[in-house]
$ cat target_3.pdb   # PDB, C-alpha atoms, pLDDT in the B column
MODEL        1
ATOM      1  CA  MET A  23      -3.666 -11.205   8.584  1.00 40.00           C
ATOM      2  CA  SER A  24       0.115 -11.207   8.176  1.00 36.00           C
ATOM      3  CA  GLY A  25      -0.280 -12.193   4.522  1.00 37.00           C
ATOM      4  CA  PHE A  26      -2.608  -9.233   4.037  1.00 33.00           C
ATOM      5  CA  ALA A  27      -0.129  -6.914   5.756  1.00 35.00           C
ATOM      6  CA  SER A  28       2.687  -8.234   3.550  1.00 29.00           C
ATOM      7  CA  LEU A  29       0.604  -7.612   0.443  1.00 30.00           C
ATOM      8  CA  ARG A  30      -0.213  -4.116   1.670  1.00 34.00           C
ATOM      9  CA  LEU A  31       3.470  -3.386   2.271  1.00 32.00           C
ATOM     10  CA  ALA A  32       4.405  -4.679  -1.177  1.00 31.00           C
ATOM     11  CA  LEU A  33       1.692  -2.579  -2.809  1.00 31.00           C
ATOM     12  CA  SER A  34       2.669   0.449  -0.721  1.00 35.00           C
ATOM     13  CA  ALA A  35       6.284   0.197  -1.865  1.00 35.00           C
ATOM     14  CA  ALA A  36       5.172  -0.093  -5.485  1.00 33.00           C
ATOM     15  CA  PHE A  37       3.033   3.049  -5.283  1.00 33.00           C
ATOM     16  CA  LEU A  38       5.418   5.142  -3.178  1.00 34.00           C
ATOM     17  CA  GLY A  39       7.439   6.357  -6.173  1.00 34.00           C
ATOM     18  CA  ALA A  40       4.272   7.386  -8.001  1.00 32.00           C
ATOM     19  CA  LEU A  41       3.032   9.183  -4.885  1.00 33.00           C
ATOM     20  CA  LEU A  42       6.196  11.185  -4.438  1.00 33.00           C
ATOM     21  CA  TYR A  43       6.332  12.363  -8.032  1.00 33.00           C
ATOM     22  CA  SER A  44       2.586  12.524  -8.633  1.00 34.00           C
ATOM     23  CA  PRO A  45       1.595  15.308 -11.014  1.00 33.00           C
ATOM     24  CA  LEU A  46      -1.424  15.845  -8.744  1.00 36.00           C
ATOM     25  CA  ALA A  47       0.790  16.604  -5.746  1.00 37.00           C
ATOM     26  CA  GLY A  48       2.882  19.059  -7.735  1.00 37.00           C
ATOM     27  CA  ALA A  49      -0.132  20.640  -9.388  1.00 36.00           C
ATOM     28  CA  GLN A  50      -1.841  21.234  -6.040  1.00 36.00           C
ATOM     29  CA  SER A  51       1.017  23.078  -4.377  1.00 36.00           C
ATOM     30  CA  ALA A  52      -0.764  25.625  -2.217  1.00 39.00           C
ATOM     31  CA  ALA A  53       1.980  28.214  -2.566  1.00 41.00           C
ATOM     32  CA  ALA A  54       2.977  27.907  -6.207  1.00 39.00           C
ATOM     33  CA  PRO A  55       2.721  31.420  -7.625  1.00 40.00           C
ATOM     34  CA  ALA A  56       1.732  30.178 -11.080  1.00 43.00           C
ATOM     35  CA  GLN A  57      -1.381  28.453  -9.706  1.00 47.00           C
ATOM     36  CA  SER A  58      -4.557  29.904 -11.140  1.00 47.00           C
ATOM     37  CA  ALA A  59      -6.989  27.728  -9.183  1.00 71.00           C
ATOM     38  CA  ILE A  60      -6.904  25.570  -6.082  1.00 82.00           C
ATOM     39  CA  THR A  61      -9.333  22.680  -5.867  1.00 92.00           C
ATOM     40  CA  LEU A  62     -11.555  23.005  -2.803  1.00 94.00           C
ATOM     41  CA  GLY A  63     -13.392  20.106  -1.179  1.00 93.00           C
ATOM     42  CA  PRO A  64     -16.934  20.250   0.246  1.00 93.00           C
ATOM     43  CA  SER A  65     -15.436  21.564   3.526  1.00 94.00           C
ATOM     44  CA  GLY A  66     -14.108  24.622   1.687  1.00 94.00           C
ATOM     45  CA  LEU A  67     -10.520  23.536   2.367  1.00 95.00           C
ATOM     46  CA  PRO A  68      -7.995  22.671  -0.371  1.00 95.00           C
ATOM     47  CA  LEU A  69      -7.661  19.155  -1.748  1.00 97.00           C
ATOM     48  CA  PRO A  70      -5.262  17.524  -1.413  1.00 97.00           C
ATOM     49  CA  ARG A  71      -3.811  18.813   1.882  1.00 97.00           C
ATOM     50  CA  PHE A  72      -1.717  17.517   4.744  1.00 98.00           C
ATOM     51  CA  VAL A  73      -2.973  16.952   8.297  1.00 98.00           C
ATOM     52  CA  SER A  74      -1.917  14.706  11.192  1.00 98.00           C
ATOM     53  CA  LEU A  75      -3.554  12.126  13.440  1.00 98.00           C
ATOM     54  CA  LYS A  76      -4.901  13.425  16.774  1.00 98.00           C
ATOM     55  CA  SER A  77      -4.872  10.095  18.554  1.00 95.00           C
ATOM     56  CA  GLY A  78      -2.555   7.146  19.027  1.00 95.00           C
ATOM     57  CA  ARG A  79      -5.250   4.669  17.902  1.00 96.00           C
ATOM     58  CA  VAL A  80      -7.009   5.615  14.679  1.00 98.00           C
ATOM     59  CA  ASN A  81      -8.994   3.234  12.497  1.00 97.00           C
ATOM     60  CA  SER A  82      -8.732   3.584   8.741  1.00 98.00           C
ATOM     61  CA  ARG A  83     -11.833   2.138   7.073  1.00 98.00           C
ATOM     62  CA  VAL A  84     -12.529   0.843   3.563  1.00 98.00           C
ATOM     63  CA  GLY A  85     -15.363   3.356   3.119  1.00 98.00           C
ATOM     64  CA  PRO A  86     -16.664   6.653   4.511  1.00 98.00           C
ATOM     65  CA  GLY A  87     -18.653   5.476   7.522  1.00 97.00           C
ATOM     66  CA  ALA A  88     -18.498   3.592  10.820  1.00 97.00           C
ATOM     67  CA  ASN A  89     -20.331   0.642   9.227  1.00 97.00           C
ATOM     68  CA  TYR A  90     -17.395  -0.011   6.879  1.00 98.00           C
ATOM     69  CA  SER A  91     -14.789  -2.505   8.028  1.00 98.00           C
ATOM     70  CA  VAL A  92     -11.497  -1.393   9.525  1.00 98.00           C
ATOM     71  CA  ASP A  93      -8.733  -1.868   6.988  1.00 94.00           C
ATOM     72  CA  TRP A  94      -5.850  -0.512   9.042  1.00 93.00           C
ATOM     73  CA  MET A  95      -5.174   0.846  12.538  1.00 97.00           C
ATOM     74  CA  TYR A  96      -2.634   3.624  13.011  1.00 97.00           C
ATOM     75  CA  MET A  97      -0.894   3.598  16.392  1.00 97.00           C
ATOM     76  CA  LYS A  98       1.112   6.853  16.308  1.00 96.00           C
ATOM     77  CA  ALA A  99      -0.387  10.218  17.255  1.00 97.00           C
ATOM     78  CA  GLY A 100       0.900  13.030  15.047  1.00 97.00           C
ATOM     79  CA  LEU A 101       1.464  10.810  12.007  1.00 98.00           C
ATOM     80  CA  PRO A 102       1.142  12.949   8.851  1.00 98.00           C
ATOM     81  CA  MET A 103      -1.674  12.101   6.446  1.00 98.00           C
ATOM     82  CA  GLU A 104      -2.657  13.542   3.098  1.00 98.00           C
ATOM     83  CA  ILE A 105      -6.384  14.188   2.658  1.00 98.00           C
ATOM     84  CA  ILE A 106      -7.277  13.342  -0.936  1.00 98.00           C
ATOM     85  CA  GLN A 107     -11.100  13.249  -0.789  1.00 98.00           C
ATOM     86  CA  GLU A 108     -13.957  14.351   1.470  1.00 98.00           C
ATOM     87  CA  PHE A 109     -17.410  12.901   2.095  1.00 97.00           C
ATOM     88  CA  ASP A 110     -19.585  14.310   4.867  1.00 96.00           C
ATOM     89  CA  THR A 111     -17.463  14.043   8.055  1.00 97.00           C
ATOM     90  CA  TRP A 112     -15.124  11.450   6.525  1.00 98.00           C
ATOM     91  CA  ARG A 113     -11.774  12.067   4.890  1.00 98.00           C
ATOM     92  CA  ARG A 114     -10.045   9.740   2.463  1.00 98.00           C
ATOM     93  CA  VAL A 115      -6.383   9.840   3.436  1.00 98.00           C
ATOM     94  CA  ARG A 116      -3.083   8.552   2.144  1.00 98.00           C
ATOM     95  CA  ASP A 117      -0.092   7.774   4.365  1.00 97.00           C
ATOM     96  CA  ALA A 118       3.606   8.091   3.525  1.00 97.00           C
ATOM     97  CA  ASP A 119       3.676   4.490   2.289  1.00 95.00           C
ATOM     98  CA  GLY A 120       0.812   5.118  -0.151  1.00 96.00           C
ATOM     99  CA  SER A 121      -1.898   3.231   1.771  1.00 97.00           C
ATOM    100  CA  GLU A 122      -5.348   4.819   1.556  1.00 98.00           C
ATOM    101  CA  GLY A 123      -8.442   4.658   3.729  1.00 98.00           C
ATOM    102  CA  TRP A 124     -11.231   6.690   5.314  1.00 98.00           C
ATOM    103  CA  ILE A 125     -10.880   8.400   8.706  1.00 98.00           C
ATOM    104  CA  ASN A 126     -13.434  10.511  10.543  1.00 98.00           C
ATOM    105  CA  GLN A 127     -12.467  14.204  10.559  1.00 98.00           C
ATOM    106  CA  SER A 128     -12.694  14.314  14.377  1.00 98.00           C
ATOM    107  CA  LEU A 129      -9.544  12.138  14.515  1.00 98.00           C
ATOM    108  CA  LEU A 130      -7.515  14.495  12.296  1.00 98.00           C
ATOM    109  CA  SER A 131      -5.692  17.687  13.224  1.00 97.00           C
ATOM    110  CA  GLY A 132      -4.518  20.664  11.183  1.00 96.00           C
ATOM    111  CA  ARG A 133      -1.186  20.456  13.059  1.00 97.00           C
ATOM    112  CA  ARG A 134       1.507  19.919  10.443  1.00 98.00           C
ATOM    113  CA  THR A 135       3.951  17.088  10.911  1.00 98.00           C
ATOM    114  CA  ALA A 136       6.208  15.352   8.420  1.00 98.00           C
ATOM    115  CA  ILE A 137       8.283  12.246   7.870  1.00 98.00           C
ATOM    116  CA  ILE A 138      11.836  12.780   6.698  1.00 97.00           C
ATOM    117  CA  ALA A 139      12.612  11.058   3.376  1.00 96.00           C
ATOM    118  CA  PRO A 140      10.452   7.957   3.960  1.00 96.00           C
ATOM    119  CA  TRP A 141      11.410   6.745   0.468  1.00 94.00           C
ATOM    120  CA  GLN A 142      15.005   6.312   1.729  1.00 93.00           C
ATOM    121  CA  ARG A 143      14.037   4.340   4.863  1.00 91.00           C
ATOM    122  CA  GLY A 144      16.184   1.250   5.366  1.00 88.00           C
ATOM    123  CA  LYS A 145      18.766   2.275   2.767  1.00 90.00           C
ATOM    124  CA  GLY A 146      21.386   3.361   5.284  1.00 84.00           C
ATOM    125  CA  GLY A 147      21.360   7.065   4.439  1.00 90.00           C
ATOM    126  CA  GLN A 148      21.288   9.987   6.830  1.00 94.00           C
ATOM    127  CA  VAL A 149      19.898  13.512   6.616  1.00 95.00           C
ATOM    128  CA  ASN A 150      21.466  16.618   8.144  1.00 96.00           C
ATOM    129  CA  LEU A 151      19.250  18.941  10.183  1.00 97.00           C
ATOM    130  CA  LEU A 152      20.824  22.376   9.637  1.00 98.00           C
ATOM    131  CA  LYS A 153      21.034  25.518  11.797  1.00 98.00           C
ATOM    132  CA  GLY A 154      19.650  27.673   8.956  1.00 97.00           C
ATOM    133  CA  PRO A 155      18.050  27.385   5.520  1.00 97.00           C
ATOM    134  CA  ASP A 156      21.371  27.019   3.709  1.00 95.00           C
ATOM    135  CA  ASN A 157      23.350  23.952   2.583  1.00 95.00           C
ATOM    136  CA  ASP A 158      26.472  25.489   4.171  1.00 96.00           C
ATOM    137  CA  ALA A 159      24.816  25.972   7.588  1.00 97.00           C
ATOM    138  CA  ARG A 160      26.101  24.147  10.665  1.00 97.00           C
ATOM    139  CA  VAL A 161      24.655  20.658  11.288  1.00 97.00           C
ATOM    140  CA  VAL A 162      22.373  20.634  14.354  1.00 96.00           C
ATOM    141  CA  ALA A 163      21.579  16.902  14.235  1.00 96.00           C
ATOM    142  CA  ILE A 164      21.862  13.916  11.938  1.00 95.00           C
ATOM    143  CA  VAL A 165      18.609  12.008  11.450  1.00 95.00           C
ATOM    144  CA  GLU A 166      17.692   8.767   9.745  1.00 95.00           C
ATOM    145  CA  PRO A 167      15.092   8.652   6.980  1.00 96.00           C
ATOM    146  CA  GLY A 168      11.657   7.826   8.370  1.00 96.00           C
ATOM    147  CA  VAL A 169      11.949  10.035  11.468  1.00 96.00           C
ATOM    148  CA  MET A 170       8.796  12.044  12.205  1.00 97.00           C
ATOM    149  CA  GLY A 171       8.806  15.644  13.381  1.00 98.00           C
ATOM    150  CA  THR A 172       6.723  18.806  13.638  1.00 98.00           C
ATOM    151  CA  ILE A 173       6.802  21.445  10.914  1.00 98.00           C
ATOM    152  CA  LYS A 174       7.289  24.966  12.280  1.00 97.00           C
ATOM    153  CA  SER A 175       7.373  26.631   8.860  1.00 98.00           C
ATOM    154  CA  CYS A 176       8.231  26.065   5.208  1.00 98.00           C
ATOM    155  CA  ASP A 177       9.190  28.772   2.715  1.00 97.00           C
ATOM    156  CA  GLY A 178       8.791  26.718  -0.464  1.00 96.00           C
ATOM    157  CA  GLN A 179      12.391  25.447  -0.502  1.00 97.00           C
ATOM    158  CA  TRP A 180      13.249  24.836   3.157  1.00 98.00           C
ATOM    159  CA  CYS A 181      11.278  23.623   6.176  1.00 98.00           C
ATOM    160  CA  GLU A 182      12.061  24.463   9.785  1.00 98.00           C
ATOM    161  CA  MET A 183      11.230  21.419  11.873  1.00 98.00           C
ATOM    162  CA  THR A 184      11.506  20.061  15.375  1.00 97.00           C
ATOM    163  CA  LEU A 185      12.741  16.468  15.475  1.00 95.00           C
ATOM    164  CA  ASP A 186      13.109  14.789  18.862  1.00 92.00           C
ATOM    165  CA  GLY A 187      13.804  18.085  20.617  1.00 93.00           C
ATOM    166  CA  HIS A 188      16.188  19.440  17.956  1.00 96.00           C
ATOM    167  CA  THR A 189      15.017  22.339  15.804  1.00 98.00           C
ATOM    168  CA  GLY A 190      16.605  23.037  12.444  1.00 98.00           C
ATOM    169  CA  TRP A 191      16.137  23.263   8.701  1.00 98.00           C
ATOM    170  CA  LEU A 192      15.761  20.642   5.971  1.00 97.00           C
ATOM    171  CA  ALA A 193      15.370  20.955   2.226  1.00 97.00           C
ATOM    172  CA  GLN A 194      11.626  20.800   1.556  1.00 97.00           C
ATOM    173  CA  SER A 195      12.255  18.079  -1.043  1.00 97.00           C
ATOM    174  CA  LEU A 196      13.220  15.742   1.848  1.00 97.00           C
ATOM    175  CA  VAL A 197       9.934  16.231   3.704  1.00 97.00           C
ATOM    176  CA  TRP A 198       6.785  14.123   3.293  1.00 98.00           C
ATOM    177  CA  GLY A 199       4.188  16.399   4.845  1.00 98.00           C
ATOM    178  CA  ALA A 200       4.592  19.575   2.765  1.00 97.00           C
ATOM    179  CA  TYR A 201       4.149  19.942  -0.982  1.00 97.00           C
ATOM    180  CA  PRO A 202       6.956  21.200  -3.220  1.00 95.00           C
ATOM    181  CA  GLY A 203       6.818  24.996  -3.208  1.00 95.00           C
ATOM    182  CA  GLU A 204       4.184  25.130  -0.435  1.00 96.00           C
ATOM    183  CA  ARG A 205       4.490  27.783   2.261  1.00 96.00           C
ATOM    184  CA  VAL A 206       3.561  26.666   5.775  1.00 95.00           C
ATOM    185  CA  LYS A 207       3.246  28.807   8.905  1.00 90.00           C
ATOM    186  CA  ASP A 208       2.755  27.222  12.331  1.00 75.00           C
TER     187      ASP A 208
ENDMDL
END

$ encode --input "target_3.pdb" --output "structure tokens"
Amino acid sequence: MSGFASLRLALSAAFLGALLYSPLAGAQSAAAPAQSAITLGPSGLPLPRFVSLKSGRVNSRVGPGANYSVDWMYMKAGLPMEIIQEFDTWRRVRDADGSEGWINQSLLSGRRTAIIAPWQRGKGGQVNLLKGPDNDARVVAIVEPGVMGTIKSCDGQWCEMTLDGHTGWLAQSLVWGAYPGERVKD
């Protein structure tokens, strides 16, 4: 199993860059004013879209059904996921590392969470959480890439988030959990 996990991590790293700059992600920005059409899934909700995990133990399966084998188990409630496909009560999701699988909709929440700059994880950088949506605002906290928090709102350029009890603003481009230009209200 560790060999499989290593392969998955290697593949995830290879696809992460493509995920972050995917034309699909940019084209599906829910708040982009130039958008003429938003793709809706069978549920009537937009595809793709971000959600989070309800539970601390969620199985990701290789197909849309309980009879499919478990490919991955997520152990963190609130982890952001991107829904990229729908089938009946199953949602094909992608995580911040680019791994994909199927999760039953009952285990997903519309509560918006995000991971801060997961593409910079392990590179020694830090991100400033600011008092207001302005690069010159006072620093409220300094966070490491890969930290998860709750999105309170996003205005298309900045997101107000709560990270480990600290609330502040981050450039939306540093957030995996909201699309570029997307407006989010809690």

$ closest_residue --input "target_3.pdb" --among "A:Gln107, A:Asn81, A:Thr184, A:Asn89" --to "Ile137 (chain A)" --atoms "all atoms listed in the file"
A:Thr184

$ residues_around --input "target_3.pdb" --residues "Arg116 (chain A)" --least-positions-apart "6" --cutoff "7 Å" --atoms "only C-alpha atoms" --output "list in words"
Met103, Glu104, Ile105, Glu122 and Gly123 of chain A

$ resolve_selection --input "target_3.pdb" --expression "the PyMOL selection byres ((chain A and resi 124-136) around 8)" --output "PDB file with C-alpha atoms, keeping the file's coordinate frame"
ATOM      1  CA  PHE A  72      -1.717  17.517   4.744  1.00 98.00           C
ATOM      2  CA  VAL A  73      -2.973  16.952   8.297  1.00 98.00           C
ATOM      3  CA  SER A  74      -1.917  14.706  11.192  1.00 98.00           C
ATOM      4  CA  LEU A  75      -3.554  12.126  13.440  1.00 98.00           C
ATOM      5  CA  LYS A  76      -4.901  13.425  16.774  1.00 98.00           C
ATOM      6  CA  SER A  77      -4.872  10.095  18.554  1.00 95.00           C
ATOM      7  CA  VAL A  80      -7.009   5.615  14.679  1.00 98.00           C
ATOM      8  CA  ASN A  81      -8.994   3.234  12.497  1.00 97.00           C
ATOM      9  CA  SER A  82      -8.732   3.584   8.741  1.00 98.00           C
ATOM     10  CA  ARG A  83     -11.833   2.138   7.073  1.00 98.00           C
ATOM     11  CA  VAL A  84     -12.529   0.843   3.563  1.00 98.00           C
ATOM     12  CA  GLY A  85     -15.363   3.356   3.119  1.00 98.00           C
ATOM     13  CA  PRO A  86     -16.664   6.653   4.511  1.00 98.00           C
ATOM     14  CA  GLY A  87     -18.653   5.476   7.522  1.00 97.00           C
ATOM     15  CA  GLY A 100       0.900  13.030  15.047  1.00 97.00           C
ATOM     16  CA  LEU A 101       1.464  10.810  12.007  1.00 98.00           C
ATOM     17  CA  PRO A 102       1.142  12.949   8.851  1.00 98.00           C
ATOM     18  CA  THR A 111     -17.463  14.043   8.055  1.00 97.00           C
ATOM     19  CA  TRP A 112     -15.124  11.450   6.525  1.00 98.00           C
ATOM     20  CA  ARG A 113     -11.774  12.067   4.890  1.00 98.00           C
ATOM     21  CA  ARG A 114     -10.045   9.740   2.463  1.00 98.00           C
ATOM     22  CA  VAL A 115      -6.383   9.840   3.436  1.00 98.00           C
ATOM     23  CA  GLU A 122      -5.348   4.819   1.556  1.00 98.00           C
ATOM     24  CA  GLY A 123      -8.442   4.658   3.729  1.00 98.00           C
ATOM     25  CA  ILE A 137       8.283  12.246   7.870  1.00 98.00           C
ATOM     26  CA  ILE A 138      11.836  12.780   6.698  1.00 97.00           C
ATOM     27  CA  MET A 170       8.796  12.044  12.205  1.00 97.00           C
ATOM     28  CA  GLY A 171       8.806  15.644  13.381  1.00 98.00           C
ATOM     29  CA  THR A 172       6.723  18.806  13.638  1.00 98.00           C
ATOM     30  CA  ILE A 173       6.802  21.445  10.914  1.00 98.00           C
ATOM     31  CA  LYS A 174       7.289  24.966  12.280  1.00 97.00           C
ATOM     32  CA  VAL A 197       9.934  16.231   3.704  1.00 97.00           C
ATOM     33  CA  TRP A 198       6.785  14.123   3.293  1.00 98.00           C
ATOM     34  CA  GLY A 199       4.188  16.399   4.845  1.00 98.00           C
ATOM     35  CA  ALA A 200       4.592  19.575   2.765  1.00 97.00           C
ATOM     36  CA  ASP A 208       2.755  27.222  12.331  1.00 75.00           C
TER      37      ASP A 208
END

$ closest_residue --input "target_3.pdb" --among "A:Val162, A:Ile60, A:Gly78, A:Ala118" --to "Met97 (chain A)" --atoms "only C-alpha atoms"
A:Gly78

$ atom_distance --input "target_3.pdb" --atom1 "CA of Gly146 (chain A)" --atom2 "CA of Ile164 (chain A)"
12.5 Å

$ closest_residue --input "target_3.pdb" --among "A:Glu166, A:Asp110, A:Asp117, A:Asp177" --to "Gln194 (chain A)" --atoms "all atoms listed in the file"
A:Asp177

$ atom_distance --input "target_3.pdb" --atom1 "CA of Val92 (chain A)" --atom2 "CA of Arg79 (chain A)"
12.1 Å

$ atom_distance --input "target_3.pdb" --atom1 "CA of Val169 (chain A)" --atom2 "CA of Gly144 (chain A)"
11.5 Å

$ closest_residue --input "target_3.pdb" --among "A:Ala163, A:Ala59, A:Cys176, A:Val206" --to "Asn150 (chain A)" --atoms "only C-alpha atoms"
A:Ala163
